[in-house]
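Below is one structure, written out as structure tokens, with a few remarks after it.
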Amino acid sequence: MENLYLAAVVREMTDEVLGRTVARVSLSESTLLFDLKLSRDRVLLASLDRASPAFYVSGIDREHLNSGARANDAFISLLRKHVTGAKLISLTKNPIDRIVRIAFESFDAGGNRQHNVIVLSLTGRSANAWLLDSTGAAIGSFSEAALDATAVRDEEDTSLEEAIEHLDESMTHEKVLERFFGSRSRFGPLLKREFIARSHNGNAVDALKSLASDLSRSEVPLVYSAVPLDQIGERLINLKEDLVLSNVELFHTRAMLRRQFSSFSEAADHYYQARSHAKELQELYNSVKQLLTHEVKKRDSAMKAIEADQARFDNPDNLKRCGDLILANLATARVEGSRVTVVDYYDPRLPEIQIEVPDNKTLQQSAAGYFSRYQKARRALTAIAARRQQVSLHLDPLRGLLRELEQEQTLDRINKTRNSLDRLLGKAASKDATRQTGRSKAKIGKPGRRFTSTDGFEVLVGRNDRDNDVLTFRVARSLDIWMHAADYPGSHVVISNPSRNPVPQRTIAEAAELAAFYSQAKREGKAAVHYTQRKFVSKPPRAKPGLVRLSSFKTIMIQPRCVLKRIE
């Protein structure tokens, strides 16, 4: 969310939220939700997602509040303790940066007045939230980071018009960019692009004045999109260019669809819902394309190996010819080191040629060696031809699926491609598994404990080291989620993901609680749990049961507990 759009949202919502009492505060993944009993069941939403931090009044479904209530997080516990039942008495925004401060007033059991402040730093990669006490000291934070002094310091506000009132009309385009669009500018990347577009039709100073005038007098809640908003999530879009949230009419998006809303929060709500749908589709597309590309590359590599083998065993008849000529010239052949000179009876001119022979072999043995290599080459070429046919059987259809996916980047095409890919790989995988293990992988029993997450995912927990090995390396599939308590011995935990779609963060958190609970970190207040996809887990050579190596992983801090339903 751009700095000036955030300012517009704060100005718009202030009168509506001031004096409201917090009925409930919740956490859904990285989004804080404050139930202030606003009209139309709306909530105050603060997203701390570092890819798209935001703050606005949302009509989000109440199910998100219910799911957030399950979040077991130290910061949300602090908010519930200090903010639930408190009155919102102040809402301010730093004029230069995307920092919002929300002040609350409450009374303790003795009737003493208490003040707390939530500081929201909605600044991209450093997005965070802190809870301050009445002295201004931080008593908790969303993520582990020290409170930046700029987050609690009031900065002098000057209007945009005042900032550019005394501009030198001769300032160059580069000077305007340097002065007004630098790192401490209130203008974000979107407005920088707009300034550049406007300056194409005049000088830089006029373009800046025009932009500042619109921001001061003509703010309007808008969403620009390359496709209709209700179709986002059905066709792939570029999130940086094809979906734009703005509080001013833009020139550089004139080729896009324009939709105006009745409030800045309503526009933000539609924008971030569309953005969420677009991201889900992008992740689905990426996962299918990645898997498809991997399968094509694997078969391309196999084809190159086949071609190399073909070249090694090419022209086996020449081997037989060498053996025949050695035997036909036993009486007249001249051996010199590792070569023998013979008459080539296959050539009408009967020339003498040289044939390589081993130093320590007789001519008869050398001829037998050529005949043996001839038979081996013929068998190899037969096997190579069969292998080529087998690889080609899947390679061409896979390439066709990849071309179709890249040409038609829609939800319908992604689903069709995924289904076709599953059919292709399913048949091949079952044959491979039968060849390698003598039985289908599906027949391997699931060891250990079994649970069901709130979202309906099966969660498997190993009981011992051997269970862990079987669970990780024989039961889990490549896109299943694997996890283990960091720095503590314990059970391997696997979230079964047969659909191969992204696993909800709630399920990951619930499974991580089990991983911590079934480890030696069980009695810790909070424990770190590493998690990753199974394909990033490997076993070091000659490692004992239960020992693994991770090539990539993320870490989540969680309370060790077991609250999921056990499958008998």
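Every chain in the structure tokens has a letter given in the order shown (A, B, ...), and although residue numbers restart at 1 in each chain, ligands are simply numbered from 1 in the order shown.
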
Name all residues at most 12 Å from Arg334 of chain A (count only C-alpha atoms; drop same-chain ones fewer than 6 positions away) and give them as a list in words.
-> Ile326, Val340, Thr341, Val342, Val343, Glu352, Ile353, Gln354, Ile355, Glu356, Val357 and Leu363 of chain A

Generate the output file for the selected residues, all heavy atoms, as an mmCIF file, in the first residue's frame.
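The result, written out as part_25.cif:
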```
data_model
loop_
_atom_site.group_PDB
_atom_site.id
_atom_site.type_symbol
_atom_site.label_atom_id
_atom_site.label_comp_id
_atom_site.auth_asym_id
_atom_site.auth_seq_id
_atom_site.Cartn_x
_atom_site.Cartn_y
_atom_site.Cartn_z
ATOM 1 N N ILE A 326 40.765 -60.724 -38.899
ATOM 2 C CA ILE A 326 41.875 -61.290 -38.111
ATOM 3 C C ILE A 326 41.954 -62.792 -38.327
ATOM 4 O O ILE A 326 43.042 -63.360 -38.551
ATOM 5 C CB ILE A 326 41.710 -60.946 -36.620
ATOM 6 C CG1 ILE A 326 41.894 -59.437 -36.398
ATOM 7 C CG2 ILE A 326 42.708 -61.728 -35.766
ATOM 8 C CD1 ILE A 326 41.625 -58.969 -34.982
ATOM 9 N N VAL A 340 47.714 -54.961 -35.686
ATOM 10 C CA VAL A 340 47.984 -56.079 -36.580
ATOM 11 C C VAL A 340 47.641 -55.639 -38.002
ATOM 12 O O VAL A 340 46.611 -55.005 -38.229
ATOM 13 C CB VAL A 340 47.178 -57.334 -36.176
ATOM 14 C CG1 VAL A 340 45.685 -57.072 -36.207
ATOM 15 C CG2 VAL A 340 47.519 -58.505 -37.107
ATOM 16 N N THR A 341 48.534 -55.966 -38.956
ATOM 17 C CA THR A 341 48.302 -55.615 -40.364
ATOM 18 C C THR A 341 47.713 -56.821 -41.071
ATOM 19 O O THR A 341 48.283 -57.922 -41.031
ATOM 20 C CB THR A 341 49.614 -55.182 -41.047
ATOM 21 O OG1 THR A 341 50.169 -54.068 -40.312
ATOM 22 C CG2 THR A 341 49.368 -54.773 -42.484
ATOM 23 N N VAL A 342 46.574 -56.591 -41.714
ATOM 24 C CA VAL A 342 45.874 -57.683 -42.404
ATOM 25 C C VAL A 342 45.403 -57.193 -43.769
ATOM 26 O O VAL A 342 45.370 -55.998 -44.048
ATOM 27 C CB VAL A 342 44.658 -58.171 -41.587
ATOM 28 C CG1 VAL A 342 45.088 -58.728 -40.242
ATOM 29 C CG2 VAL A 342 43.641 -57.045 -41.410
ATOM 30 N N VAL A 343 45.065 -58.162 -44.647
ATOM 31 C CA VAL A 343 44.482 -57.835 -45.953
ATOM 32 C C VAL A 343 42.975 -57.702 -45.779
ATOM 33 O O VAL A 343 42.324 -58.574 -45.189
ATOM 34 C CB VAL A 343 44.806 -58.927 -46.999
ATOM 35 C CG1 VAL A 343 44.106 -58.626 -48.329
ATOM 36 C CG2 VAL A 343 46.307 -59.043 -47.198
ATOM 37 N N GLU A 352 45.886 -53.431 -47.605
ATOM 38 C CA GLU A 352 46.274 -53.813 -46.251
ATOM 39 C C GLU A 352 45.773 -52.730 -45.280
ATOM 40 O O GLU A 352 45.903 -51.537 -45.542
ATOM 41 C CB GLU A 352 47.788 -53.970 -46.130
ATOM 42 C CG GLU A 352 48.330 -55.218 -46.786
ATOM 43 C CD GLU A 352 49.809 -55.441 -46.440
ATOM 44 O OE1 GLU A 352 50.467 -54.455 -46.047
ATOM 45 O OE2 GLU A 352 50.285 -56.573 -46.561
ATOM 46 N N ILE A 353 45.212 -53.173 -44.161
ATOM 47 C CA ILE A 353 44.746 -52.219 -43.139
ATOM 48 C C ILE A 353 45.272 -52.660 -41.786
ATOM 49 O O ILE A 353 45.738 -53.798 -41.632
ATOM 50 C CB ILE A 353 43.209 -52.153 -43.086
ATOM 51 C CG1 ILE A 353 42.632 -53.529 -42.712
ATOM 52 C CG2 ILE A 353 42.613 -51.673 -44.403
ATOM 53 C CD1 ILE A 353 41.152 -53.504 -42.419
ATOM 54 N N GLN A 354 45.225 -51.796 -40.828
ATOM 55 C CA GLN A 354 45.684 -52.106 -39.470
ATOM 56 C C GLN A 354 44.485 -52.160 -38.525
ATOM 57 O O GLN A 354 43.573 -51.336 -38.592
ATOM 58 C CB GLN A 354 46.691 -51.062 -38.989
ATOM 59 C CG GLN A 354 48.034 -51.144 -39.705
ATOM 60 C CD GLN A 354 49.059 -50.224 -39.070
ATOM 61 O OE1 GLN A 354 48.736 -49.150 -38.573
ATOM 62 N NE2 GLN A 354 50.322 -50.653 -39.084
ATOM 63 N N ILE A 355 44.505 -53.122 -37.618
ATOM 64 C CA ILE A 355 43.450 -53.305 -36.627
ATOM 65 C C ILE A 355 44.093 -53.343 -35.247
ATOM 66 O O ILE A 355 45.128 -53.988 -35.056
ATOM 67 C CB ILE A 355 42.680 -54.619 -36.878
ATOM 68 C CG1 ILE A 355 42.011 -54.591 -38.262
ATOM 69 C CG2 ILE A 355 41.623 -54.855 -35.790
ATOM 70 C CD1 ILE A 355 41.350 -55.901 -38.645
ATOM 71 N N GLU A 356 43.497 -52.656 -34.307
ATOM 72 C CA GLU A 356 44.022 -52.638 -32.931
ATOM 73 C C GLU A 356 43.747 -53.971 -32.251
ATOM 74 O O GLU A 356 42.652 -54.536 -32.367
ATOM 75 C CB GLU A 356 43.386 -51.509 -32.125
ATOM 76 C CG GLU A 356 43.841 -50.126 -32.569
ATOM 77 C CD GLU A 356 43.365 -49.052 -31.602
ATOM 78 O OE1 GLU A 356 42.753 -49.416 -30.570
ATOM 79 O OE2 GLU A 356 43.602 -47.870 -31.866
ATOM 80 N N VAL A 357 44.779 -54.478 -31.522
ATOM 81 C CA VAL A 357 44.635 -55.720 -30.758
ATOM 82 C C VAL A 357 45.321 -55.529 -29.412
ATOM 83 O O VAL A 357 46.279 -54.750 -29.295
ATOM 84 C CB VAL A 357 45.271 -56.924 -31.491
ATOM 85 C CG1 VAL A 357 44.505 -57.254 -32.760
ATOM 86 C CG2 VAL A 357 46.745 -56.655 -31.807
ATOM 87 N N LEU A 363 46.039 -63.740 -31.602
ATOM 88 C CA LEU A 363 45.133 -63.243 -32.635
ATOM 89 C C LEU A 363 43.750 -63.880 -32.502
ATOM 90 O O LEU A 363 42.727 -63.224 -32.728
ATOM 91 C CB LEU A 363 45.720 -63.520 -34.017
ATOM 92 C CG LEU A 363 46.971 -62.701 -34.390
ATOM 93 C CD1 LEU A 363 47.478 -63.079 -35.783
ATOM 94 C CD2 LEU A 363 46.686 -61.213 -34.328
#
```

Enumerate, as a VMD selection string, the complete set of residues in segment 198-323 of chain A that a backbone-based DSSP assignment places in helix (DSSP H, G or I).
-> chain A and resid 198 to 199 204 to 217 229 to 231 264 to 312 316 to 323

So which residues touch Tyr346 of chain A within 12 Å, counting only C-alpha atoms, skipping near sequence neighbours fewer than 2 positions away, as a ChimeraX atom specification?
-> /A:318,320-322,324-325,328,342-344,348-353

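For segment 261-420 of chain A, the set of residues given strand (DSSP E) by DSSP on the backbone reads Arg334, Val335, Glu336, Arg339, Val340, Thr341, Val342, Val343, Glu352, Ile353, Gln354, Ile355 and Glu356 of chain A.
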
Contacts of Leu211 of chain A within 9 Å, only C-alpha atoms, excl. fewer than 6 positions in-chain, as a PyMOL selection string = chain A and resi 191+194-195+198+248

Print the selection's residues with N, CA and C atoms to a file, as a compact mmCIF listing (two decimals), in the first residue's frame.
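Produced file out08.txt, reproduced below:
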```txt
# COMPACT_ATOMS: atom_id res chain seq x y z
N LEU A 191 3.61 6.34 -7.72
CA LEU A 191 3.53 7.76 -8.06
C LEU A 191 4.80 8.22 -8.78
N GLU A 194 4.02 7.44 -12.25
CA GLU A 194 3.03 8.40 -12.74
C GLU A 194 3.70 9.74 -13.08
N PHE A 195 4.62 10.18 -12.22
CA PHE A 195 5.34 11.42 -12.51
C PHE A 195 6.11 11.32 -13.82
N ARG A 198 3.70 11.63 -16.68
CA ARG A 198 3.19 13.00 -16.88
C ARG A 198 4.27 13.92 -17.43
N VAL A 248 -5.58 8.45 -6.79
CA VAL A 248 -5.58 9.57 -7.73
C VAL A 248 -5.70 9.01 -9.14
```
